[in-house]
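Chemist: Got a file for you: input.txt, compact mmCIF, N, CA and C atoms.
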# COMPACT_ATOMS: atom_id res chain seq x y z
N MET Y 1 77.02 107.36 113.89
CA MET Y 1 78.25 106.72 114.33
C MET Y 1 78.75 107.47 115.55
N SER Y 2 79.03 106.73 116.61
CA SER Y 2 79.53 107.36 117.82
C SER Y 2 81.03 107.11 117.94
N LYS Y 3 81.67 107.95 118.76
CA LYS Y 3 83.10 107.83 119.00
C LYS Y 3 83.32 107.53 120.47
N ALA Y 4 84.28 106.68 120.75
CA ALA Y 4 84.67 106.39 122.12
C ALA Y 4 86.19 106.38 122.18
N THR Y 5 86.74 106.79 123.31
CA THR Y 5 88.19 106.77 123.50
C THR Y 5 88.51 105.82 124.63
N VAL Y 6 89.46 104.92 124.39
CA VAL Y 6 89.91 103.98 125.41
C VAL Y 6 91.42 103.99 125.45
N ASN Y 7 91.98 103.65 126.62
CA ASN Y 7 93.44 103.57 126.68
C ASN Y 7 93.89 102.20 126.19
N ILE Y 8 95.17 102.05 125.95
CA ILE Y 8 95.70 100.83 125.36
C ILE Y 8 95.39 99.61 126.23
N HIS Y 9 95.51 99.74 127.54
CA HIS Y 9 95.21 98.61 128.43
C HIS Y 9 93.76 98.18 128.28
N GLN Y 10 92.84 99.13 128.27
CA GLN Y 10 91.42 98.80 128.08
C GLN Y 10 91.21 98.14 126.72
N ALA Y 11 91.89 98.63 125.70
CA ALA Y 11 91.74 98.07 124.35
C ALA Y 11 92.21 96.62 124.32
N LYS Y 12 93.35 96.32 124.96
CA LYS Y 12 93.84 94.95 124.98
C LYS Y 12 92.89 94.04 125.75
N THR Y 13 92.37 94.55 126.84
CA THR Y 13 91.48 93.75 127.68
C THR Y 13 90.14 93.50 127.01
N ASN Y 14 89.64 94.47 126.24
CA ASN Y 14 88.29 94.40 125.67
C ASN Y 14 88.29 94.38 124.14
N LEU Y 15 89.34 93.83 123.54
CA LEU Y 15 89.46 93.89 122.08
C LEU Y 15 88.25 93.31 121.37
N SER Y 16 87.78 92.15 121.78
CA SER Y 16 86.63 91.53 121.11
C SER Y 16 85.41 92.45 121.15
N ARG Y 17 85.14 93.03 122.30
CA ARG Y 17 83.98 93.92 122.43
C ARG Y 17 84.16 95.18 121.56
N LEU Y 18 85.38 95.71 121.54
CA LEU Y 18 85.64 96.91 120.74
C LEU Y 18 85.50 96.62 119.25
N VAL Y 19 85.94 95.44 118.82
CA VAL Y 19 85.79 95.07 117.41
C VAL Y 19 84.30 94.96 117.07
N GLU Y 20 83.52 94.38 117.97
CA GLU Y 20 82.06 94.31 117.74
C GLU Y 20 81.46 95.70 117.64
N GLU Y 21 81.88 96.61 118.51
CA GLU Y 21 81.38 97.99 118.47
C GLU Y 21 81.73 98.64 117.13
N ALA Y 22 82.96 98.43 116.67
CA ALA Y 22 83.37 98.99 115.39
C ALA Y 22 82.56 98.38 114.25
N ALA Y 23 82.31 97.08 114.32
CA ALA Y 23 81.53 96.42 113.28
C ALA Y 23 80.11 96.96 113.21
N LEU Y 24 79.61 97.47 114.34
CA LEU Y 24 78.27 98.06 114.38
C LEU Y 24 78.25 99.50 113.86
N GLY Y 25 79.44 100.03 113.52
CA GLY Y 25 79.50 101.37 112.95
C GLY Y 25 80.10 102.41 113.85
N ASN Y 26 80.57 102.01 115.03
CA ASN Y 26 81.16 102.98 115.96
C ASN Y 26 82.66 103.10 115.73
N GLU Y 27 83.18 104.28 116.04
CA GLU Y 27 84.61 104.56 115.89
C GLU Y 27 85.24 104.56 117.27
N ILE Y 28 86.34 103.82 117.42
CA ILE Y 28 87.03 103.72 118.70
C ILE Y 28 88.40 104.35 118.55
N ILE Y 29 88.71 105.31 119.41
CA ILE Y 29 90.03 105.94 119.44
C ILE Y 29 90.82 105.28 120.56
N ILE Y 30 92.03 104.84 120.25
CA ILE Y 30 92.90 104.21 121.24
C ILE Y 30 93.97 105.22 121.61
N ALA Y 31 94.11 105.46 122.92
CA ALA Y 31 95.03 106.49 123.40
C ALA Y 31 96.12 105.88 124.26
N ARG Y 32 97.29 106.53 124.22
CA ARG Y 32 98.41 106.18 125.10
C ARG Y 32 98.71 107.43 125.91
N ALA Y 33 98.62 107.30 127.22
CA ALA Y 33 98.85 108.42 128.14
C ALA Y 33 97.94 109.60 127.78
N GLY Y 34 96.71 109.29 127.39
CA GLY Y 34 95.74 110.33 127.09
C GLY Y 34 95.84 110.92 125.69
N ARG Y 35 96.85 110.52 124.91
CA ARG Y 35 97.02 111.04 123.55
C ARG Y 35 96.53 110.01 122.54
N PRO Y 36 95.64 110.39 121.64
CA PRO Y 36 95.17 109.45 120.62
C PRO Y 36 96.32 108.96 119.74
N VAL Y 37 96.39 107.63 119.54
CA VAL Y 37 97.46 107.07 118.72
C VAL Y 37 96.94 106.15 117.62
N ALA Y 38 95.69 105.69 117.73
CA ALA Y 38 95.15 104.78 116.72
C ALA Y 38 93.63 104.91 116.68
N LYS Y 39 93.06 104.43 115.58
CA LYS Y 39 91.62 104.49 115.41
C LYS Y 39 91.11 103.15 114.90
N LEU Y 40 90.08 102.63 115.54
CA LEU Y 40 89.44 101.39 115.12
C LEU Y 40 88.10 101.79 114.50
N THR Y 41 87.96 101.52 113.20
CA THR Y 41 86.75 101.93 112.48
C THR Y 41 86.15 100.74 111.76
N PRO Y 42 84.87 100.83 111.43
CA PRO Y 42 84.24 99.72 110.70
C PRO Y 42 84.74 99.69 109.26
N LEU Y 43 84.82 98.50 108.71
CA LEU Y 43 85.13 98.35 107.29
C LEU Y 43 83.83 98.49 106.53
N THR Y 44 83.88 99.23 105.47
CA THR Y 44 82.70 99.36 104.63
C THR Y 44 82.93 98.56 103.37
N ALA Y 45 82.06 97.64 103.12
CA ALA Y 45 82.18 96.82 101.91
C ALA Y 45 81.79 97.67 100.71
N ARG Y 46 82.67 97.71 99.76
CA ARG Y 46 82.39 98.47 98.55
C ARG Y 46 82.06 97.51 97.43
N LYS Y 47 80.86 97.60 96.95
CA LYS Y 47 80.47 96.79 95.81
C LYS Y 47 80.50 97.67 94.58
N SER Y 48 81.37 97.33 93.68
CA SER Y 48 81.42 98.09 92.45
C SER Y 48 80.56 97.38 91.41
N VAL Y 49 79.73 98.15 90.81
CA VAL Y 49 78.84 97.61 89.79
C VAL Y 49 79.51 97.80 88.43
N ILE Y 50 79.66 96.71 87.71
CA ILE Y 50 80.25 96.77 86.38
C ILE Y 50 79.14 97.04 85.38
N ARG Y 51 79.29 98.14 84.69
CA ARG Y 51 78.29 98.50 83.70
C ARG Y 51 78.92 98.43 82.32
N PHE Y 52 78.72 97.29 81.66
CA PHE Y 52 79.30 97.09 80.35
C PHE Y 52 78.62 97.99 79.32
N GLY Y 53 79.41 98.48 78.39
CA GLY Y 53 78.86 99.29 77.32
C GLY Y 53 78.64 100.73 77.69
N LEU Y 54 79.11 101.16 78.83
CA LEU Y 54 78.89 102.53 79.30
C LEU Y 54 79.47 103.57 78.34
N LEU Y 55 80.59 103.25 77.70
CA LEU Y 55 81.23 104.20 76.79
C LEU Y 55 81.03 103.83 75.32
N LYS Y 56 80.12 102.93 75.05
CA LYS Y 56 79.89 102.51 73.68
C LYS Y 56 79.53 103.72 72.81
N GLY Y 57 80.23 103.83 71.69
CA GLY Y 57 79.99 104.94 70.77
C GLY Y 57 80.72 106.21 71.14
N LYS Y 58 81.40 106.24 72.29
CA LYS Y 58 82.11 107.45 72.73
C LYS Y 58 83.62 107.35 72.51
N ILE Y 59 84.11 106.14 72.32
CA ILE Y 59 85.54 105.94 72.12
C ILE Y 59 85.73 105.24 70.78
N LYS Y 60 86.70 105.75 70.02
CA LYS Y 60 87.00 105.14 68.73
C LYS Y 60 88.45 104.69 68.74
N VAL Y 61 88.67 103.41 68.45
CA VAL Y 61 90.02 102.86 68.37
C VAL Y 61 90.48 102.99 66.93
N PRO Y 62 91.59 103.69 66.71
CA PRO Y 62 92.06 103.87 65.34
C PRO Y 62 92.48 102.54 64.71
N ARG Y 63 92.39 102.47 63.39
CA ARG Y 63 92.73 101.24 62.67
C ARG Y 63 94.18 100.83 62.88
N ASP Y 64 95.07 101.80 63.05
CA ASP Y 64 96.49 101.48 63.20
C ASP Y 64 96.91 101.29 64.67
N PHE Y 65 95.97 101.01 65.53
CA PHE Y 65 96.23 100.87 66.96
C PHE Y 65 97.34 99.85 67.27
N ASN Y 66 97.34 98.72 66.59
CA ASN Y 66 98.33 97.66 66.86
C ASN Y 66 99.58 97.76 65.99
N GLU Y 67 99.67 98.76 65.17
CA GLU Y 67 100.86 98.93 64.31
C GLU Y 67 102.05 99.39 65.15
N PRO Y 68 103.27 99.09 64.69
CA PRO Y 68 104.45 99.58 65.41
C PRO Y 68 104.45 101.11 65.47
N LEU Y 69 105.04 101.63 66.54
CA LEU Y 69 105.13 103.08 66.70
C LEU Y 69 106.12 103.65 65.69
N PRO Y 70 105.92 104.91 65.32
CA PRO Y 70 106.93 105.57 64.48
C PRO Y 70 108.27 105.58 65.20
N ALA Y 71 109.35 105.55 64.46
CA ALA Y 71 110.70 105.43 65.02
C ALA Y 71 110.98 106.50 66.06
N GLU Y 72 110.60 107.77 65.78
CA GLU Y 72 110.92 108.84 66.73
C GLU Y 72 110.15 108.68 68.05
N VAL Y 73 108.93 108.15 67.99
CA VAL Y 73 108.14 107.92 69.20
C VAL Y 73 108.75 106.76 69.99
N ALA Y 74 109.14 105.69 69.31
CA ALA Y 74 109.76 104.56 69.97
C ALA Y 74 111.05 104.97 70.67
N ARG Y 75 111.85 105.82 70.00
CA ARG Y 75 113.08 106.33 70.62
C ARG Y 75 112.77 107.16 71.86
N ALA Y 76 111.72 107.96 71.80
CA ALA Y 76 111.34 108.79 72.95
C ALA Y 76 110.95 107.91 74.14
N PHE Y 77 110.22 106.83 73.89
CA PHE Y 77 109.85 105.91 74.96
C PHE Y 77 111.09 105.24 75.55
N ALA Y 78 112.09 105.01 74.73
CA ALA Y 78 113.33 104.38 75.19
C ALA Y 78 114.25 105.39 75.87
N GLY Y 79 113.86 106.65 75.88
CA GLY Y 79 114.68 107.69 76.52
C GLY Y 79 115.84 108.14 75.68
N LYS Y 80 115.71 108.00 74.36
CA LYS Y 80 116.80 108.41 73.45
C LYS Y 80 116.44 109.67 72.71
In structure tokens, what does this structure look like?
Modeler:
Amino acid sequence: MSKATVNIHQAKTNLSRLVEEAALGNEIIIARAGRPVAKLTPLTARKSVIRFGLLKGKIKVPRDFNEPLPAEVARAFAGK
């Protein structure tokens, strides 16, 4: 991945080209009066793989999971 620095005027004039450069994996720094103020970078698509059953046998749900909470715990959740 390469880096390039352009001023704001160049960025406005060449936005389409700069977006294409970023899409190809290049990083573009946009500067105002020679000071970097923004960065144009490529988006990386993140594919998350769902792996069902990964924790099978490692987690146990207690039988009373859906039962009402004890009164003192319920009061604590209510801030009392």
Chemist: Could you work out how far CA of Asn26 (chain Y) lies from CA of Asn14 (chain Y), giving the answer in Å with one decimal?
Modeler: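 If I compute the distance from CA of Asn14 (chain Y) to CA of Asn26 (chain Y), I get 14.8 Å.
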Chemist: Which residues are close to Lys12 (chain Y), i.e. within 12 Å by only C-alpha atoms, leaving aside same-chain residues fewer than 6 positions away? Reply as a ChimeraX atom specification.
Modeler: /Y:6,18-19,30-31
Chemist: Could you give me, as a VMD selection string, the residues within 10 Å of region 38-53 of chain Y, counting only C-alpha atoms and dropping anything in the same chain fewer than 4 positions from it?
Modeler: chain Y and resid 1 3 to 5 8 18 to 32 57 to 58
Chemist: Using DSSP secondary structure from the backbone, list all helix (DSSP H, G or I) positions within chain Y, as a PyMOL selection string.
Modeler: chain Y and resi 8-13+15-23+71-77
Chemist: Using all atoms of region 38-43 of chain Y that appear in the file, construct an axis-aligned enclosing box with 3 Å of padding on every side and provide its centre coordinates and edge lengths in Å, rounded to one decimal, as JSON.
Modeler:
{"center_x": 89.8, "center_y": 102.0, "center_z": 112.1, "size_x": 17.9, "size_y": 13.3, "size_z": 17.2}
Chemist: Atom N of Thr13 (chain Y) and atom N of Ala33 (chain Y) are how many Å apart?
Modeler: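 Atom N of Ala33 (chain Y) lies at a distance of 14.2 Å from atom N of Thr13 (chain Y).
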Chemist: Once DSSP has gone over the backbone, tell me which residues of chain Y are in strand (DSSP E), as a ChimeraX atom specification.
Modeler: /Y:3-7,27-32,35-40
Chemist: Could you check how far atom C of Ser2 (chain Y) sits from atom N of Arg17 (chain Y), in Å to one decimal?
Modeler: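 These atoms are spaced 15.3 Å apart.
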